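A.B. asks: One file: input19.txt (compact mmCIF, C-alpha atoms).
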# COMPACT_ATOMS: atom_id res chain seq x y z
CA MET Q 1 -34.22 194.53 25.90
CA THR Q 2 -35.12 191.18 24.36
CA LYS Q 3 -38.01 189.27 25.83
CA HIS Q 4 -39.08 185.63 25.80
CA SER Q 5 -42.59 184.70 26.93
CA GLY Q 6 -42.88 188.20 28.38
CA ILE Q 7 -39.78 187.82 30.58
CA PRO Q 8 -36.69 189.99 29.96
CA THR Q 9 -33.86 187.59 29.28
CA ASP Q 10 -31.38 189.63 31.29
CA THR Q 11 -33.53 189.44 34.41
CA LEU Q 12 -34.38 185.73 34.41
CA SER Q 13 -34.18 184.23 37.88
CA HIS Q 14 -32.28 181.04 38.62
CA GLU Q 15 -35.58 179.16 38.88
CA GLU Q 16 -36.67 180.44 35.49
CA ARG Q 17 -33.38 179.38 33.91
CA LEU Q 18 -33.64 175.98 35.59
CA ASP Q 19 -37.14 175.62 34.14
CA ARG Q 20 -35.81 176.50 30.69
CA LEU Q 21 -33.10 173.85 31.04
CA GLY Q 22 -35.85 171.35 31.83
CA GLN Q 23 -37.66 172.37 28.64
CA VAL Q 24 -34.49 172.07 26.58
CA ALA Q 25 -33.79 168.62 28.04
CA VAL Q 26 -37.25 167.33 27.11
CA HIS Q 27 -37.93 169.09 23.81
CA VAL Q 28 -34.42 169.54 22.33
CA GLY Q 29 -32.46 166.77 24.03
CA LEU Q 30 -35.02 163.98 23.99
CA GLY Q 31 -37.71 165.07 21.54
CA LEU Q 32 -39.99 163.14 23.89
CA ARG Q 33 -43.15 161.77 22.28
CA PRO Q 34 -46.62 161.55 23.88
CA GLY Q 35 -47.10 158.14 25.46
CA GLN Q 36 -43.38 157.50 25.84
CA GLU Q 37 -41.85 156.43 29.16
CA LEU Q 38 -38.75 158.17 30.48
CA VAL Q 39 -36.00 156.57 32.57
CA MET Q 40 -33.81 159.18 34.26
CA THR Q 41 -30.65 158.83 36.35
CA ALA Q 42 -29.39 161.59 38.65
CA SER Q 43 -27.63 162.42 41.88
CA ILE Q 44 -29.81 163.47 44.81
CA ASP Q 45 -28.16 166.91 44.49
CA ALA Q 46 -29.96 167.29 41.16
CA LEU Q 47 -33.46 166.96 42.63
CA PRO Q 48 -34.62 170.51 41.67
CA LEU Q 49 -33.69 169.89 38.02
CA VAL Q 50 -35.17 166.39 38.14
CA ARG Q 51 -38.48 167.89 39.23
CA ARG Q 52 -38.42 170.44 36.39
CA ILE Q 53 -37.64 167.79 33.79
CA THR Q 54 -40.30 165.47 35.20
CA GLU Q 55 -42.90 168.25 34.99
CA HIS Q 56 -42.04 169.09 31.39
CA ALA Q 57 -41.95 165.41 30.45
CA TYR Q 58 -45.48 164.89 31.71
CA LYS Q 59 -46.61 168.09 29.99
CA ALA Q 60 -45.15 166.65 26.78
CA GLY Q 61 -47.29 163.53 27.25
CA ALA Q 62 -44.91 161.11 29.00
CA SER Q 63 -46.77 158.06 30.26
CA LEU Q 64 -44.39 157.49 33.17
CA VAL Q 65 -41.18 159.08 34.46
CA THR Q 66 -38.93 156.89 36.63
CA THR Q 67 -35.82 158.38 38.26
CA LEU Q 68 -32.96 156.35 39.72
CA PHE Q 69 -30.96 158.40 42.23
CA SER Q 70 -27.33 158.09 43.34
CA ASP Q 71 -25.50 159.65 46.29
CA GLU Q 72 -21.80 160.45 46.60
CA GLU Q 73 -21.63 159.67 50.32
CA ALA Q 74 -23.25 156.29 49.76
CA THR Q 75 -20.73 155.58 46.98
CA LEU Q 76 -17.84 156.41 49.29
CA ALA Q 77 -19.33 154.22 52.02
CA ARG Q 78 -19.17 151.27 49.69
CA PHE Q 79 -15.47 151.72 48.94
CA ARG Q 80 -14.62 152.16 52.61
CA HIS Q 81 -16.74 149.47 54.22
CA ALA Q 82 -18.02 146.89 51.69
CA PRO Q 83 -16.56 143.35 51.61
CA ASP Q 84 -13.70 142.97 49.15
CA ASP Q 85 -15.44 140.40 46.95
CA SER Q 86 -18.41 142.73 46.45
CA PHE Q 87 -16.40 144.91 44.05
CA ASP Q 88 -16.68 142.23 41.39
CA SER Q 89 -20.48 142.55 41.43
CA ALA Q 90 -22.97 145.03 40.00
CA SER Q 91 -26.75 145.28 39.97
CA ALA Q 92 -27.32 143.34 36.76
CA TRP Q 93 -31.03 143.14 37.51
CA LEU Q 94 -31.20 146.96 37.42
CA TYR Q 95 -29.50 147.31 34.03
CA GLU Q 96 -31.48 144.42 32.60
CA GLY Q 97 -34.60 146.28 33.72
CA MET Q 98 -33.39 149.45 32.00
CA ALA Q 99 -32.70 147.49 28.82
CA HIS Q 100 -36.20 146.01 29.02
CA ALA Q 101 -37.65 149.52 29.34
CA PHE Q 102 -35.66 150.75 26.34
CA LYS Q 103 -36.73 147.77 24.22
CA ALA Q 104 -40.32 148.60 25.16
CA GLY Q 105 -39.87 152.17 23.87
CA ALA Q 106 -38.66 154.21 26.84
CA ALA Q 107 -36.36 157.22 26.43
CA ARG Q 108 -33.27 157.71 28.56
CA LEU Q 109 -31.99 160.88 30.24
CA ALA Q 110 -28.87 161.14 32.39
CA ILE Q 111 -28.10 164.15 34.58
CA SER Q 112 -24.36 164.50 35.15
CA GLY Q 113 -22.59 166.57 37.77
CA GLU Q 114 -20.51 164.19 39.82
CA ASN Q 115 -17.45 165.12 41.84
CA PRO Q 116 -14.55 164.59 39.37
CA SER Q 117 -12.26 163.42 42.17
CA LEU Q 118 -14.74 161.50 44.29
CA LEU Q 119 -12.68 158.29 44.35
CA ALA Q 120 -9.23 159.87 44.17
CA ASN Q 121 -8.27 158.56 47.60
CA GLU Q 122 -9.82 155.11 47.24
CA ASP Q 123 -8.08 151.87 46.30
CA PRO Q 124 -7.58 152.00 42.50
CA GLU Q 125 -7.85 148.21 42.30
CA LYS Q 126 -11.32 148.32 43.87
CA VAL Q 127 -12.30 151.25 41.64
CA SER Q 128 -11.21 149.32 38.58
CA ARG Q 129 -13.01 146.15 39.59
CA ALA Q 130 -16.22 148.04 40.36
CA ASN Q 131 -16.07 149.89 37.05
CA ARG Q 132 -15.51 146.68 35.13
CA ALA Q 133 -18.38 144.90 36.88
CA ARG Q 134 -20.69 147.84 36.20
CA SER Q 135 -19.64 148.01 32.55
CA LYS Q 136 -20.40 144.31 32.04
CA ALA Q 137 -23.77 144.57 33.77
CA TYR Q 138 -24.66 147.77 31.89
CA MET Q 139 -23.96 146.34 28.42
CA PRO Q 140 -27.56 145.21 27.67
CA ALA Q 141 -28.70 148.80 28.15
CA LEU Q 142 -25.57 150.49 26.79
CA SER Q 143 -25.76 148.60 23.49
CA LEU Q 144 -29.20 150.10 22.87
CA ILE Q 145 -27.93 153.58 23.74
CA ALA Q 146 -24.72 153.34 21.70
CA GLY Q 147 -26.70 151.91 18.78
CA PHE Q 148 -29.18 154.81 18.99
CA ASP Q 149 -32.07 152.36 19.18
CA ILE Q 150 -33.71 154.94 21.44
CA ASN Q 151 -33.82 158.70 21.89
CA TRP Q 152 -31.53 159.74 24.74
CA THR Q 153 -29.72 162.75 26.11
CA ILE Q 154 -27.40 163.97 28.86
CA VAL Q 155 -27.69 167.32 30.67
CA SER Q 156 -25.91 168.62 33.77
CA HIS Q 157 -26.56 170.17 37.14
CA ALA Q 158 -24.19 172.20 39.30
CA SER Q 159 -23.43 169.99 42.29
CA PRO Q 160 -21.48 171.60 45.15
CA SER Q 161 -18.62 169.09 44.84
CA TRP Q 162 -18.23 169.70 41.10
CA ALA Q 163 -18.46 173.47 41.58
CA LYS Q 164 -15.75 173.46 44.25
CA ALA Q 165 -13.49 171.38 41.99
CA MET Q 166 -13.83 174.07 39.32
CA PHE Q 167 -13.71 177.10 41.62
CA PRO Q 168 -11.73 175.99 44.69
CA ASP Q 169 -10.99 179.53 45.89
CA ASP Q 170 -14.63 180.61 46.04
CA PRO Q 171 -17.15 179.98 48.81
CA GLU Q 172 -19.42 177.10 47.95
CA ASP Q 173 -22.48 179.24 47.12
CA ILE Q 174 -20.46 181.46 44.77
CA ALA Q 175 -18.83 178.43 43.13
CA VAL Q 176 -22.22 176.82 42.53
CA ALA Q 177 -23.63 180.06 41.09
CA LYS Q 178 -20.66 180.35 38.70
CA LEU Q 179 -21.08 176.78 37.54
CA TRP Q 180 -24.80 177.21 36.97
CA HIS Q 181 -24.05 180.31 34.90
CA ALA Q 182 -21.65 178.28 32.76
CA ILE Q 183 -24.12 175.41 32.34
CA PHE Q 184 -26.96 177.73 31.34
CA ALA Q 185 -24.76 179.57 28.82
CA ALA Q 186 -23.39 176.37 27.25
CA SER Q 187 -26.90 174.90 27.05
CA ARG Q 188 -28.19 178.05 25.26
CA VAL Q 189 -30.72 178.64 28.00
CA ASP Q 190 -29.87 182.36 28.19
CA THR Q 191 -30.85 183.07 24.58
CA PRO Q 192 -34.19 184.78 23.80
CA ASP Q 193 -35.59 181.52 22.37
CA PRO Q 194 -33.54 178.45 23.40
CA VAL Q 195 -35.34 176.05 21.05
CA ALA Q 196 -34.77 178.35 18.06
CA ALA Q 197 -31.13 178.78 19.11
CA TRP Q 198 -30.69 175.02 19.12
CA ASP Q 199 -32.32 174.74 15.69
CA ALA Q 200 -29.80 177.25 14.29
CA HIS Q 201 -26.87 175.53 16.02
CA ASN Q 202 -27.92 172.12 14.74
CA ALA Q 203 -28.05 173.55 11.20
CA GLU Q 204 -24.42 174.69 11.55
CA LEU Q 205 -23.30 171.28 12.80
CA HIS Q 206 -25.16 169.55 9.98
CA ALA Q 207 -23.38 171.79 7.45
CA SER Q 208 -20.01 170.68 8.86
CA THR Q 209 -20.96 167.01 8.70
CA ALA Q 210 -22.16 167.39 5.11
CA ARG Q 211 -18.84 168.97 4.13
CA LEU Q 212 -16.82 166.15 5.72
CA ASN Q 213 -19.07 163.44 4.31
CA GLY Q 214 -18.52 164.92 0.88
CA LYS Q 215 -14.75 164.57 1.27
CA ARG Q 216 -14.75 160.83 2.09
CA TYR Q 217 -11.33 161.02 3.75
CA SER Q 218 -9.62 157.71 4.41
CA ALA Q 219 -7.86 159.05 7.53
CA LEU Q 220 -7.23 162.10 9.71
CA ARG Q 221 -3.78 163.16 10.90
CA PHE Q 222 -3.42 165.15 14.14
CA ARG Q 223 -0.17 167.05 14.77
CA GLY Q 224 0.75 169.22 17.74
CA PRO Q 225 2.80 169.19 20.95
CA GLY Q 226 3.29 165.54 21.92
CA THR Q 227 1.02 164.43 19.08
CA ASP Q 228 1.51 162.89 15.65
CA LEU Q 229 -1.42 160.56 15.21
CA THR Q 230 -3.00 159.09 12.09
CA VAL Q 231 -6.56 157.90 12.62
CA GLY Q 232 -7.77 155.70 9.77
CA LEU Q 233 -11.51 156.04 9.25
CA ALA Q 234 -13.82 153.05 9.05
CA ASP Q 235 -15.03 151.81 5.69
CA GLU Q 236 -18.29 153.54 4.69
CA HIS Q 237 -18.08 155.76 7.75
CA GLU Q 238 -20.44 158.70 8.10
CA TRP Q 239 -19.96 161.94 10.01
CA ALA Q 240 -22.66 163.01 12.47
CA GLY Q 241 -23.24 165.98 14.75
CA GLY Q 242 -26.08 167.83 16.42
CA ALA Q 243 -29.63 166.51 16.28
CA SER Q 244 -30.05 163.07 14.74
CA ILE Q 245 -32.79 160.52 14.19
CA ALA Q 246 -32.74 157.49 16.48
CA LYS Q 247 -33.80 154.10 15.16
CA ASN Q 248 -37.21 154.66 16.77
CA GLY Q 249 -37.72 157.62 14.43
CA ILE Q 250 -37.35 160.34 17.08
CA VAL Q 251 -35.05 163.33 16.56
CA CYS Q 252 -32.86 163.94 19.60
CA ASN Q 253 -29.72 165.78 20.71
CA ALA Q 254 -27.77 163.16 22.65
CA ASN Q 255 -25.58 165.73 24.42
CA ILE Q 256 -26.65 169.08 25.87
CA PRO Q 257 -24.38 170.94 25.18
CA THR Q 258 -22.72 169.75 21.97
CA GLU Q 259 -20.21 171.40 19.64
CA GLU Q 260 -18.72 168.31 17.96
CA VAL Q 261 -18.92 166.50 14.66
CA PHE Q 262 -17.80 162.90 14.94
CA THR Q 263 -17.39 159.61 13.14
CA THR Q 264 -15.97 156.10 13.51
CA PRO Q 265 -12.27 155.26 13.25
CA HIS Q 266 -11.20 151.90 11.84
CA LYS Q 267 -10.23 149.84 14.86
CA ASP Q 268 -7.10 148.46 13.13
CA ARG Q 269 -5.84 151.62 11.37
CA VAL Q 270 -4.66 153.99 14.08
CA ASP Q 271 -0.92 154.66 14.37
CA GLY Q 272 1.35 157.16 16.11
CA TYR Q 273 1.36 158.95 19.42
CA VAL Q 274 -0.94 161.46 21.07
CA ALA Q 275 -1.06 163.55 24.26
CA SER Q 276 -4.21 164.68 26.04
CA THR Q 277 -4.87 168.42 26.16
CA LYS Q 278 -7.31 168.35 29.08
CA PRO Q 279 -7.73 166.10 32.14
CA LEU Q 280 -10.12 163.16 31.96
CA SER Q 281 -12.55 162.69 34.84
CA TYR Q 282 -13.51 159.02 34.85
CA GLN Q 283 -15.76 157.43 37.46
CA GLY Q 284 -14.46 159.65 40.26
CA THR Q 285 -10.78 159.56 39.23
CA LEU Q 286 -8.98 162.50 37.61
CA ILE Q 287 -6.55 161.25 34.94
CA GLN Q 288 -4.15 163.98 33.83
CA ASP Q 289 -1.53 164.28 31.06
CA ILE Q 290 -2.38 161.08 29.22
CA ALA Q 291 0.18 160.05 26.59
CA VAL Q 292 -0.29 156.91 24.48
CA ARG Q 293 1.18 155.25 21.41
CA PHE Q 294 -0.84 153.24 18.88
CA GLU Q 295 0.32 150.47 16.58
CA GLY Q 296 -2.13 148.82 14.20
CA GLY Q 297 -5.05 150.43 15.96
CA ARG Q 298 -4.04 149.25 19.44
CA ILE Q 299 -2.56 151.21 22.35
CA VAL Q 300 0.81 149.62 23.07
CA GLU Q 301 2.15 152.24 25.51
CA ALA Q 302 0.26 154.46 27.95
CA THR Q 303 1.25 156.87 30.71
CA ALA Q 304 -0.49 159.52 32.80
CA ARG Q 305 0.72 161.98 35.45
CA THR Q 306 -2.21 161.22 37.77
CA GLY Q 307 -4.66 158.32 37.67
CA ALA Q 308 -2.21 156.11 35.77
CA ASP Q 309 -3.27 153.01 37.72
CA VAL Q 310 -6.92 153.54 36.84
CA LEU Q 311 -6.05 154.24 33.20
CA GLY Q 312 -4.10 151.01 33.08
CA LYS Q 313 -7.03 149.06 34.47
CA VAL Q 314 -9.39 150.72 31.98
CA LEU Q 315 -7.19 149.53 29.12
CA GLU Q 316 -7.41 146.00 30.49
CA THR Q 317 -11.24 146.00 30.45
CA ASP Q 318 -11.35 144.02 27.20
CA GLU Q 319 -9.64 143.87 23.80
CA GLY Q 320 -11.67 146.80 22.46
CA ALA Q 321 -10.67 149.07 25.35
CA ARG Q 322 -7.26 149.69 23.72
CA ARG Q 323 -8.83 150.67 20.40
CA LEU Q 324 -10.84 153.70 19.26
CA GLY Q 325 -14.60 153.89 18.81
CA GLU Q 326 -14.92 157.59 17.97
CA VAL Q 327 -13.00 160.57 16.63
CA ALA Q 328 -14.51 164.05 16.91
CA LEU Q 329 -13.60 167.51 15.66
CA VAL Q 330 -14.37 170.65 17.68
CA PRO Q 331 -13.09 174.13 16.81
CA HIS Q 332 -10.91 175.75 19.47
CA SER Q 333 -13.23 178.79 19.28
CA SER Q 334 -16.26 176.83 20.48
CA PRO Q 335 -18.28 178.67 23.18
CA ILE Q 336 -17.14 176.21 25.84
CA SER Q 337 -13.50 176.66 24.89
CA LYS Q 338 -13.89 180.46 24.80
CA SER Q 339 -15.30 180.39 28.34
CA GLY Q 340 -11.74 179.60 29.49
CA LEU Q 341 -13.11 177.12 32.03
CA LEU Q 342 -11.82 173.64 32.68
CA PHE Q 343 -14.91 171.68 33.67
CA TYR Q 344 -13.33 168.36 34.73
CA ASN Q 345 -16.43 166.86 33.10
CA THR Q 346 -16.24 165.06 29.76
CA LEU Q 347 -19.65 166.29 28.58
CA TYR Q 348 -18.30 169.84 28.64
CA ASP Q 349 -14.57 169.48 28.09
CA GLU Q 350 -15.08 167.27 25.02
CA ASN Q 351 -17.03 170.15 23.48
CA ALA Q 352 -14.08 172.49 23.98
CA ALA Q 353 -11.59 170.36 22.05
CA SER Q 354 -11.27 167.71 19.37
CA HIS Q 355 -11.18 164.29 20.96
CA ILE Q 356 -11.03 160.54 20.57
CA ALA Q 357 -12.85 157.82 22.48
CA LEU Q 358 -11.60 154.46 23.65
CA GLY Q 359 -13.99 151.56 23.24
CA GLN Q 360 -17.43 151.09 21.74
CA SER Q 361 -18.25 152.69 18.40
CA TYR Q 362 -21.62 154.08 17.26
CA SER Q 363 -23.53 152.28 14.52
CA LYS Q 364 -25.08 155.60 13.50
CA CYS Q 365 -21.66 156.70 12.16
CA PHE Q 366 -21.92 154.38 9.16
CA ILE Q 367 -23.82 154.74 5.92
CA ASN Q 368 -27.09 152.86 6.55
CA GLY Q 369 -25.71 151.95 9.97
CA ALA Q 370 -29.16 151.31 11.43
CA THR Q 371 -29.58 148.33 9.11
CA LEU Q 372 -26.18 146.70 9.72
CA THR Q 373 -25.65 143.66 11.93
CA PRO Q 374 -22.83 143.61 14.52
CA ASP Q 375 -20.80 141.37 12.19
CA GLU Q 376 -21.32 143.76 9.27
CA LEU Q 377 -20.26 146.72 11.44
CA ALA Q 378 -17.14 144.85 12.57
CA ALA Q 379 -16.27 144.06 8.95
CA ARG Q 380 -16.28 147.80 8.23
CA GLY Q 381 -13.91 148.47 11.13
CA ALA Q 382 -16.27 149.21 14.03
CA ASN Q 383 -14.85 148.60 17.49
CA SER Q 384 -16.67 146.71 20.24
CA SER Q 385 -16.08 147.16 23.96
CA LEU Q 386 -17.71 147.41 27.36
CA ILE Q 387 -16.53 151.03 27.62
CA HIS Q 388 -16.77 154.31 25.70
CA ILE Q 389 -14.49 156.97 27.17
CA ASP Q 390 -13.84 160.30 25.44
CA TRP Q 391 -10.65 162.23 26.08
CA MET Q 392 -9.43 165.49 24.61
CA ILE Q 393 -6.54 165.83 22.14
CA GLY Q 394 -7.31 169.17 20.44
CA SER Q 395 -6.16 172.71 21.21
CA GLY Q 396 -5.15 175.96 19.54
CA GLU Q 397 -1.80 174.30 18.78
CA VAL Q 398 -3.12 171.22 16.98
CA ASP Q 399 -3.47 170.89 13.19
CA VAL Q 400 -5.66 168.28 11.48
CA ASP Q 401 -5.25 167.03 7.91
CA GLY Q 402 -7.67 164.90 5.95
CA ILE Q 403 -5.96 162.10 4.01
CA THR Q 404 -7.65 161.30 0.71
CA ALA Q 405 -8.00 157.84 -0.79
CA SER Q 406 -5.00 158.62 -3.00
CA GLY Q 407 -2.89 159.55 0.03
CA GLU Q 408 -2.91 163.34 -0.42
CA ALA Q 409 -3.19 165.56 2.68
CA GLU Q 410 -5.71 168.41 2.81
CA PRO Q 411 -5.98 170.92 5.66
CA VAL Q 412 -9.08 170.37 7.82
CA MET Q 413 -8.05 172.39 10.89
CA ARG Q 414 -5.21 174.82 11.52
CA LYS Q 415 -4.37 175.85 15.07
CA GLY Q 416 -7.61 174.29 16.20
CA GLU Q 417 -9.87 176.13 13.72
CA TRP Q 418 -11.62 174.97 10.56
CA ALA Q 419 -9.28 175.50 7.61
Here is the file; what I need is its structure written in the form of structure tokens.
C.D. replies:
Amino acid sequence: MTKHSGIPTDTLSHEERLDRLGQVAVHVGLGLRPGQELVMTASIDALPLVRRITEHAYKAGASLVTTLFSDEEATLARFRHAPDDSFDSASAWLYEGMAHAFKAGAARLAISGENPSLLANEDPEKVSRANRARSKAYMPALSLIAGFDINWTIVSHASPSWAKAMFPDDPEDIAVAKLWHAIFAASRVDTPDPVAAWDAHNAELHASTARLNGKRYSALRFRGPGTDLTVGLADEHEWAGGASIAKNGIVCNANIPTEEVFTTPHKDRVDGYVASTKPLSYQGTLIQDIAVRFEGGRIVEATARTGADVLGKVLETDEGARRLGEVALVPHSSPISKSGLLFYNTLYDENAASHIALGQSYSKCFINGATLTPDELAARGANSSLIHIDWMIGSGEVDVDGITASGEAEPVMRKGEWA
């Protein structure tokens, strides 16, 4: 029987696992430094985890922890009772304050766990307008996050609404327990030493990025059911994955969990068609069976079985919303994929399958990206947008080739696994 801190790992209580997740969030996800502020966002359902993270943040030397809470019922009240013109507004003062905190050195932590279908029955026009207004207001803060100016991370909690979406046939308490089990396993909390487990996992991801960076492919080609897509890679792109160094010098894992290696597509060099392999949960709307066609980097046709109206509005956000900001490779045998669970949550489902992202690109995915200006990034093919939305295109039926500078194809993945 393996022990950690004197506690048998197979007899850890829920509270002990929750405490471990708090430690992982602070020490692995954020790499929080003494004297650093922390700005956290969470649903009120996540209060027990918020308290654990707050405790570990202060133990790590945080100068101040500020948490901004949301509530699903309050969100629904807005869509059902607020004046129509209010959906074109967002709390710009709040996001400007967050940006000010980040510029002053604060770290950022988001706790996800929202109901994937919260707004399914609300007016899609209002949903779209609200999302657009929020995206515009959030940009001062988002640009610092997407540019990795700061150390940041995302972890999850098992909200009852999310759990019931995943396990609709179970009583709520059983559904929540199952979801917590899945979160703890994916976050490596159940291992004898979670921090050591993350160190080993990060080493594996770094080995994959080094291999791809050595290849210097000019493009990737995805082929599978409903998919024949060539994704040209940005000039002087760089692959990343696992722990990385933010511009403030702090090593962080932006996503807990993470199984991906990713880089930047060239915004003008994506052609072909592609079908999603998992649903996309976006701002309370479940978008299923996405199918799009690209020409010259731009989506020129798009359909979806559910959530098509919201998808259409997303693509109208700005010019960059129809172009790619990220392409990521994930083996079909990743732990999250092997769990057999559909999470209806991008943080998890994107780590079960290779994926692409509409919208904003990451400056870190360029050689010397931290030193490049926005104009220099754009000249290398980086996309700019108010949004960054990942959706899954990989499966056990999808092959990926790397296209060399001379136009030769080399196998990168076969049937969803590294070749």
A.B. asks: What are the closest atom pairs, with distances in Å to one decimal, for each residue of segment 245-304 of chain Q lying within 12 Å of segment 209-217 of chain Q, using only C-alpha atoms, rows by chain and rising residue number, as a Markdown table?
C.D. replies:
| residue | atom | partner | partner_atom | distance |
| --- | --- | --- | --- | --- |
| Q:Glu259 | CA | Q:Thr209 | CA | 11.8 |
| Q:Glu260 | CA | Q:Thr209 | CA | 9.6 |
| Q:Val261 | CA | Q:Thr209 | CA | 6.3 |
| Q:Phe262 | CA | Q:Thr209 | CA | 8.1 |
| Q:Thr263 | CA | Q:Thr209 | CA | 9.3 |
| Q:Thr264 | CA | Q:Tyr217 | CA | 11.9 |
| Q:Pro265 | CA | Q:Tyr217 | CA | 11.1 |
A.B. asks: Choose the residue, out of Q:Glu376, Q:Glu397, Q:Asp271, Q:Asp173, that has the smallest atom-to-atom separation from Glu236 of chain Q; count all atoms listed in the file.
C.D. replies: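 Under the stated criterion, the closest residue is Q:Glu376.
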A.B. asks: Please provide as a list in words all residues within 8 Å of segment 49-53 of chain Q, with the sequence filter that same-chain residues fewer than 4 positions apart are discarded (counting only C-alpha atoms).
C.D. replies: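 Contacts, with the query itself left out: Leu18, Asp19, Gly22, Gln23, Ala25, Val26, Ala42, Ala57 and His157 of chain Q.
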A.B. asks: Would you pick out the contacts of Gly325 of chain Q at 10 Å or less, using only C-alpha atoms, so that residues sharing its chain but fewer than 3 positions from it are not included, and give the list as a PDB file with C-alpha atoms, keeping the file's coordinate frame?
C.D. replies:
ATOM      1  CA  ALA Q 234     -13.820 153.050   9.050  1.00  0.00           C
ATOM      2  CA  THR Q 263     -17.390 159.610  13.140  1.00  0.00           C
ATOM      3  CA  THR Q 264     -15.970 156.100  13.510  1.00  0.00           C
ATOM      4  CA  PRO Q 265     -12.270 155.260  13.250  1.00  0.00           C
ATOM      5  CA  HIS Q 266     -11.200 151.900  11.840  1.00  0.00           C
ATOM      6  CA  LYS Q 267     -10.230 149.840  14.860  1.00  0.00           C
ATOM      7  CA  GLY Q 320     -11.670 146.800  22.460  1.00  0.00           C
ATOM      8  CA  ALA Q 321     -10.670 149.070  25.350  1.00  0.00           C
ATOM      9  CA  ARG Q 322      -7.260 149.690  23.720  1.00  0.00           C
ATOM     10  CA  ILE Q 356     -11.030 160.540  20.570  1.00  0.00           C
ATOM     11  CA  ALA Q 357     -12.850 157.820  22.480  1.00  0.00           C
ATOM     12  CA  LEU Q 358     -11.600 154.460  23.650  1.00  0.00           C
ATOM     13  CA  GLY Q 359     -13.990 151.560  23.240  1.00  0.00           C
ATOM     14  CA  GLN Q 360     -17.430 151.090  21.740  1.00  0.00           C
ATOM     15  CA  SER Q 361     -18.250 152.690  18.400  1.00  0.00           C
ATOM     16  CA  TYR Q 362     -21.620 154.080  17.260  1.00  0.00           C
ATOM     17  CA  GLY Q 381     -13.910 148.470  11.130  1.00  0.00           C
ATOM     18  CA  ALA Q 382     -16.270 149.210  14.030  1.00  0.00           C
ATOM     19  CA  ASN Q 383     -14.850 148.600  17.490  1.00  0.00           C
ATOM     20  CA  SER Q 384     -16.670 146.710  20.240  1.00  0.00           C
ATOM     21  CA  SER Q 385     -16.080 147.160  23.960  1.00  0.00           C
ATOM     22  CA  ILE Q 387     -16.530 151.030  27.620  1.00  0.00           C
ATOM     23  CA  HIS Q 388     -16.770 154.310  25.700  1.00  0.00           C
ATOM     24  CA  ILE Q 389     -14.490 156.970  27.170  1.00  0.00           C
ATOM     25  CA  ASP Q 390     -13.840 160.300  25.440  1.00  0.00           C
TER      26      ASP Q 390
END
A.B. asks: Sorted by chain and rising residue number, list the residues of segment 125-156 of chain Q at most 10 Å from segment 243-258 of chain Q (counting only C-alpha atoms), each with its closest atom pair and distance in Å to one decimal, as CSV.
C.D. replies:
residue,atom,partner,partner_atom,distance
Q:Leu144,CA,Q:Lys247,CA,9.8
Q:Ile145,CA,Q:Ala246,CA,9.5
Q:Gly147,CA,Q:Lys247,CA,8.3
Q:Phe148,CA,Q:Ala246,CA,5.1
Q:Asp149,CA,Q:Lys247,CA,4.7
Q:Ile150,CA,Q:Ala246,CA,5.7
Q:Asn151,CA,Q:Ala246,CA,5.6
Q:Trp152,CA,Q:Ala254,CA,5.5
Q:Thr153,CA,Q:Ala254,CA,4.0
Q:Ile154,CA,Q:Asn255,CA,5.1
Q:Val155,CA,Q:Ile256,CA,5.2
Q:Ser156,CA,Q:Ile256,CA,7.9
A.B. asks: Write out as CSV the residues of segment 333-406 of chain Q that have any atom within 9 Å of an atom of segment 112-122 of chain Q, one row each with the nearest atom pair and its distance in Å to one decimal, counting all atoms listed in the file, sorted by chain and then rising number.
C.D. replies:
residue,atom,partner,partner_atom,distance
Q:Tyr344,CA,Q:Pro116,CA,6.1
Q:Asn345,CA,Q:Pro116,CA,6.9
Q:Leu347,CA,Q:Ser112,CA,8.3
A.B. asks: Which polymer residues, protein or nucleic acid, are no farther than 9 Å from (2.7, 159.2, 16.8), counting all atoms listed in the file, as a ChimeraX atom specification?
C.D. replies: /Q:222-223,226-230,271-274,292-294
A.B. asks: Write to file, as a short mmCIF file (atom, residue, chain, number, x, y, z; two decimals), in the coordinates of the input, the residues of the selection just made, with C-alpha atoms.
C.D. replies:
data_model
loop_
_atom_site.label_atom_id
_atom_site.label_comp_id
_atom_site.auth_asym_id
_atom_site.auth_seq_id
_atom_site.Cartn_x
_atom_site.Cartn_y
_atom_site.Cartn_z
CA PHE Q 222 -3.42 165.15 14.14
CA ARG Q 223 -0.17 167.05 14.77
CA GLY Q 226 3.29 165.54 21.92
CA THR Q 227 1.02 164.43 19.08
CA ASP Q 228 1.51 162.89 15.65
CA LEU Q 229 -1.42 160.56 15.21
CA THR Q 230 -3.00 159.09 12.09
CA ASP Q 271 -0.92 154.66 14.37
CA GLY Q 272 1.35 157.16 16.11
CA TYR Q 273 1.36 158.95 19.42
CA VAL Q 274 -0.94 161.46 21.07
CA VAL Q 292 -0.29 156.91 24.48
CA ARG Q 293 1.18 155.25 21.41
CA PHE Q 294 -0.84 153.24 18.88
#
A.B. asks: Find, counting only C-alpha atoms, the residue in Q:Asp309, Q:Asp349, Q:Glu238, Q:Asp169 that gets nearest to Ser218 of chain Q.
C.D. replies: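 Ranking Q:Asp309, Q:Asp349, Q:Glu238, Q:Asp169 by distance to Ser218 of chain Q, first place goes to Q:Glu238.
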A.B. asks: Find the nearest atom pair between each residue of segment 72-102 of chain Q and segment 126-143 of chain Q for residues within 7 Å, count all atoms listed in the file, give distances in Å to one decimal, sort rows by chain and ascending number, and present the table as a Markdown table.
C.D. replies:
| residue | atom | partner | partner_atom | distance |
| --- | --- | --- | --- | --- |
| Q:Phe87 | CA | Q:Ala130 | CA | 4.8 |
| Q:Asp88 | CA | Q:Ala133 | CA | 5.5 |
| Q:Ser89 | CA | Q:Ala133 | CA | 5.5 |
| Q:Ala90 | CA | Q:Arg134 | CA | 5.2 |
| Q:Ser91 | CA | Q:Ala137 | CA | 6.9 |
| Q:Ala92 | CA | Q:Ala137 | CA | 4.8 |
| Q:Tyr95 | CA | Q:Tyr138 | CA | 5.3 |
| Q:Glu96 | CA | Q:Pro140 | CA | 6.3 |
| Q:Met98 | CA | Q:Ala141 | CA | 6.1 |
| Q:Ala99 | CA | Q:Ala141 | CA | 4.3 |
